[in-house]
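Read through the structure below, which is laid out as structure tokens, and then see the notes.
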Amino acid sequence: MTNVTYSLAKLSNIEEITSLFRSTIQKVNTKDYSSQEIEAWSKGADNIDNWVKRIDEHYFLLAKIQNILIGMASIDDSGYLDVIYVHYQYQGQGIAKTLLVKMIERAKSLGLKKITSDVSITAKPFFLYKGFEIVNPQLVLCRGVVLRNYNVVFNIP
């Protein structure tokens, strides 16, 4: 997709980051998760300390069109892909693909041999298509609610 700009996240972006996180879960993941699961998961937007930590400690990229946040991804120095979210109105337009390519480039620049992540039921087909393999299906406790997701790995060529 043209006219998308990519930049590193800053603390001043937290409000739009948490808004994108919450709205993506609430609009995209409802086909795979119950309303109780969606509510528990999307409350992660309220943990500002976690978002500050991600911005400070991860390679955290934002994708914007005309200064509007449409996607984001972060990876830590161990190769753990922590977040990758795309605004519900921009799904299927190559934003996640480009963000993932940039995360892989970052991992390569650190000399890493693999990327790991924990991905939702909704995101699983995308990650499998991009060459990730399922290590384990998981049940994780999220604010008192059990969610199903998948631990995945990508071996960097």
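Residues are named by chain letter and number: chains run A, B, ... in the order of the structure tokens, numbers start at 1 in each chain, and ligands are numbered from 1 in the order shown.
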
With stretch 121-144 of chain A as the partner and 9 Å as the cut-off, tabulate the residues of stretch 35-78 of chain A that qualify, each row holding the nearest pair of atoms and their distance in Å to one decimal, using only C-alpha atoms, sorted by chain and rising number, as JSON lines.
```
{"residue": "A:Glu37", "atom": "CA", "partner": "A:Cys142", "partner_atom": "CA", "distance": 8.2}
{"residue": "A:Ala40", "atom": "CA", "partner": "A:Arg143", "partner_atom": "CA", "distance": 5.7}
{"residue": "A:Trp41", "atom": "CA", "partner": "A:Cys142", "partner_atom": "CA", "distance": 6.4}
{"residue": "A:Lys43", "atom": "CA", "partner": "A:Arg143", "partner_atom": "CA", "distance": 8.3}
{"residue": "A:Gly44", "atom": "CA", "partner": "A:Arg143", "partner_atom": "CA", "distance": 8.7}
```

>> Could you go through chain A and tell me which residues DSSP, when run on the backbone, assigns to strand (DSSP E), listing them as a PyMOL selection string?
In response: chain A and resi 5-8+59-65+68-75+80-86+114-120+133-142+145-155

Using the selection just defined, write its residues with C-alpha atoms as a compact mmCIF listing (two decimals), in the first residue's frame.
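Saved the output as selection17.txt:
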```txt
# COMPACT_ATOMS: atom_id res chain seq x y z
CA THR A 5 4.85 5.94 6.53
CA TYR A 6 6.68 3.90 9.15
CA SER A 7 8.29 5.38 12.24
CA LEU A 8 9.40 4.36 15.70
CA TYR A 59 11.79 -2.06 18.29
CA PHE A 60 8.25 -0.69 17.99
CA LEU A 61 7.10 0.53 14.59
CA LEU A 62 3.98 2.49 13.72
CA ALA A 63 2.35 2.50 10.27
CA LYS A 64 0.46 5.68 9.46
CA ILE A 65 -1.45 7.24 6.61
CA ILE A 68 -3.48 8.33 11.33
CA LEU A 69 -2.26 5.13 12.99
CA ILE A 70 -3.31 2.12 10.92
CA GLY A 71 -0.87 -0.53 12.14
CA MET A 72 1.84 -1.35 14.65
CA ALA A 73 4.33 -4.05 15.52
CA SER A 74 7.00 -4.59 18.14
CA ILE A 75 9.82 -7.08 18.63
CA TYR A 80 9.94 -12.18 20.51
CA LEU A 81 7.31 -10.53 18.29
CA ASP A 82 5.13 -8.99 20.97
CA VAL A 83 2.45 -7.09 19.05
CA ILE A 84 1.28 -6.79 15.48
CA TYR A 85 -2.07 -5.12 14.94
CA VAL A 86 -3.72 -3.52 11.92
CA LYS A 114 14.41 -17.20 14.84
CA ILE A 115 11.39 -15.15 15.81
CA THR A 116 8.82 -16.40 18.30
CA SER A 117 5.37 -15.09 19.12
CA ASP A 118 2.05 -15.94 20.70
CA VAL A 119 -0.70 -15.39 18.15
CA SER A 120 -4.47 -15.35 18.32
CA GLU A 133 5.16 -22.95 12.51
CA ILE A 134 2.99 -23.78 15.51
CA VAL A 135 5.06 -24.90 18.48
CA ASN A 136 2.14 -25.33 20.89
CA PRO A 137 -1.53 -24.45 21.16
CA GLN A 138 -1.97 -22.67 24.49
CA LEU A 139 -4.59 -21.73 27.02
CA VAL A 140 -3.52 -18.52 28.77
CA LEU A 141 -5.06 -16.71 31.70
CA CYS A 142 -5.89 -13.11 30.82
CA VAL A 145 -10.43 -15.37 31.57
CA VAL A 146 -8.80 -18.26 29.73
CA LEU A 147 -7.90 -17.49 26.09
CA ARG A 148 -6.69 -19.89 23.39
CA ASN A 149 -3.69 -18.83 21.34
CA TYR A 150 -0.67 -20.39 19.65
CA ASN A 151 3.03 -20.20 20.35
CA VAL A 152 4.72 -19.96 16.96
CA VAL A 153 8.25 -19.81 15.59
CA PHE A 154 9.79 -18.51 12.38
CA ASN A 155 13.25 -19.68 11.40
```

> Near A:Leu112, counting only C-alpha atoms, which residues have an atom at most 9 Å away, once you skip same-chain residues fewer than 2 positions from it, shown as a list in words?
Replying inline: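 These residues fall inside the cut-off: Asp77, Ser78, Gly79, Arg106, Ala107, Lys108, Ser109, Leu110, Lys114, Ile115 and Ile156 of chain A.
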
> stretch 2-156 of chain A: which residues are helix (DSSP H, G or I) by DSSP, as a ChimeraX atom specification?
Replying inline: /A:11-31,35-46,48-57,88-90,95-109,124-129

Please provide as an mmCIF file with N, CA and C atoms, in the first residue's frame all residues within 9 Å of A:Ile25, with the sequence filter that same-chain residues fewer than 2 positions apart are discarded (counting only C-alpha atoms).
```cif
data_model
loop_
_atom_site.group_PDB
_atom_site.id
_atom_site.type_symbol
_atom_site.label_atom_id
_atom_site.label_comp_id
_atom_site.auth_asym_id
_atom_site.auth_seq_id
_atom_site.Cartn_x
_atom_site.Cartn_y
_atom_site.Cartn_z
ATOM 1 N N LEU A 20 -5.800 1.731 19.034
ATOM 2 C CA LEU A 20 -5.717 0.763 17.944
ATOM 3 C C LEU A 20 -5.772 -0.662 18.488
ATOM 4 N N PHE A 21 -5.040 -0.920 19.559
ATOM 5 C CA PHE A 21 -5.040 -2.234 20.195
ATOM 6 C C PHE A 21 -6.466 -2.639 20.567
ATOM 7 N N ARG A 22 -7.151 -1.774 21.298
ATOM 8 C CA ARG A 22 -8.499 -2.067 21.785
ATOM 9 C C ARG A 22 -9.485 -2.247 20.628
ATOM 10 N N SER A 23 -9.486 -1.316 19.683
ATOM 11 C CA SER A 23 -10.481 -1.383 18.600
ATOM 12 C C SER A 23 -10.243 -2.573 17.674
ATOM 13 N N LYS A 27 -13.097 -5.352 17.102
ATOM 14 C CA LYS A 27 -13.754 -5.402 15.791
ATOM 15 C C LYS A 27 -13.316 -6.591 14.935
ATOM 16 N N VAL A 28 -12.099 -7.075 15.129
ATOM 17 C CA VAL A 28 -11.565 -8.129 14.261
ATOM 18 C C VAL A 28 -11.633 -9.504 14.914
ATOM 19 N N ASN A 29 -11.376 -9.576 16.199
ATOM 20 C CA ASN A 29 -11.256 -10.879 16.853
ATOM 21 C C ASN A 29 -12.575 -11.462 17.349
ATOM 22 N N THR A 30 -13.677 -10.759 17.149
ATOM 23 C CA THR A 30 -14.969 -11.229 17.659
ATOM 24 C C THR A 30 -15.449 -12.504 16.973
ATOM 25 N N ILE A 38 -13.008 -11.169 24.685
ATOM 26 C CA ILE A 38 -12.685 -9.884 24.045
ATOM 27 C C ILE A 38 -12.534 -8.790 25.098
ATOM 28 N N GLU A 39 -13.443 -8.759 26.039
ATOM 29 C CA GLU A 39 -13.389 -7.735 27.091
ATOM 30 C C GLU A 39 -12.106 -7.856 27.914
ATOM 31 N N TRP A 41 -9.229 -9.375 27.127
ATOM 32 C CA TRP A 41 -8.052 -9.136 26.291
ATOM 33 C C TRP A 41 -7.885 -7.644 25.994
ATOM 34 N N SER A 42 -8.960 -6.990 25.594
ATOM 35 C CA SER A 42 -8.850 -5.577 25.198
ATOM 36 C C SER A 42 -8.532 -4.664 26.381
ATOM 37 N N TYR A 85 -0.655 -5.434 15.079
ATOM 38 C CA TYR A 85 -2.075 -5.124 14.942
ATOM 39 C C TYR A 85 -2.263 -4.176 13.767
ATOM 40 N N TYR A 88 -8.913 -2.215 11.775
ATOM 41 C CA TYR A 88 -9.904 -3.063 11.115
ATOM 42 C C TYR A 88 -10.258 -2.590 9.710
#
```

>> Which residue is closest to A:Arg54? Choose from A:Lys97, A:Lys113, A:His87, A:Lys10 and count only C-alpha atoms.
In response: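 Checking each candidate against A:Arg54, we get A:Lys10 as the closest.
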
> Using only C-alpha atoms, which residues sit within 10 Å of A:Asp46 once same-chain residues fewer than 4 positions away are excluded, as a PyMOL selection string?
Replying inline: chain A and resi 15+18-19+22+42+50-51

Go ahead and dump the residues you just picked, C-alpha atoms, as a PDB file, in the first residue's frame.
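Okay, out-v2.pdb is ready:
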```pdb
ATOM      1  CA  GLU A  15      -3.127   7.044  23.354  1.00  0.00           C
ATOM      2  CA  THR A  18      -3.869   1.721  22.969  1.00  0.00           C
ATOM      3  CA  SER A  19      -6.879   2.834  20.933  1.00  0.00           C
ATOM      4  CA  ARG A  22      -8.499  -2.067  21.785  1.00  0.00           C
ATOM      5  CA  SER A  42      -8.850  -5.577  25.198  1.00  0.00           C
ATOM      6  CA  ASN A  50       3.288  -2.223  29.697  1.00  0.00           C
ATOM      7  CA  TRP A  51       2.962   0.073  26.700  1.00  0.00           C
TER       8      TRP A  51
END
```

>> Rounded to one decimal, what separation in Å do you get between atom CA of A:Thr98 and atom CA of A:Glu57?
In response: 21.3 Å

> Counting only C-alpha atoms, which of A:Asp76, A:Ser34, A:Asp56, A:Val4 gets nearest to A:Leu99?
Replying inline: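 Of A:Asp76, A:Ser34, A:Asp56, A:Val4, the one nearest A:Leu99 is A:Val4, counting only C-alpha atoms.
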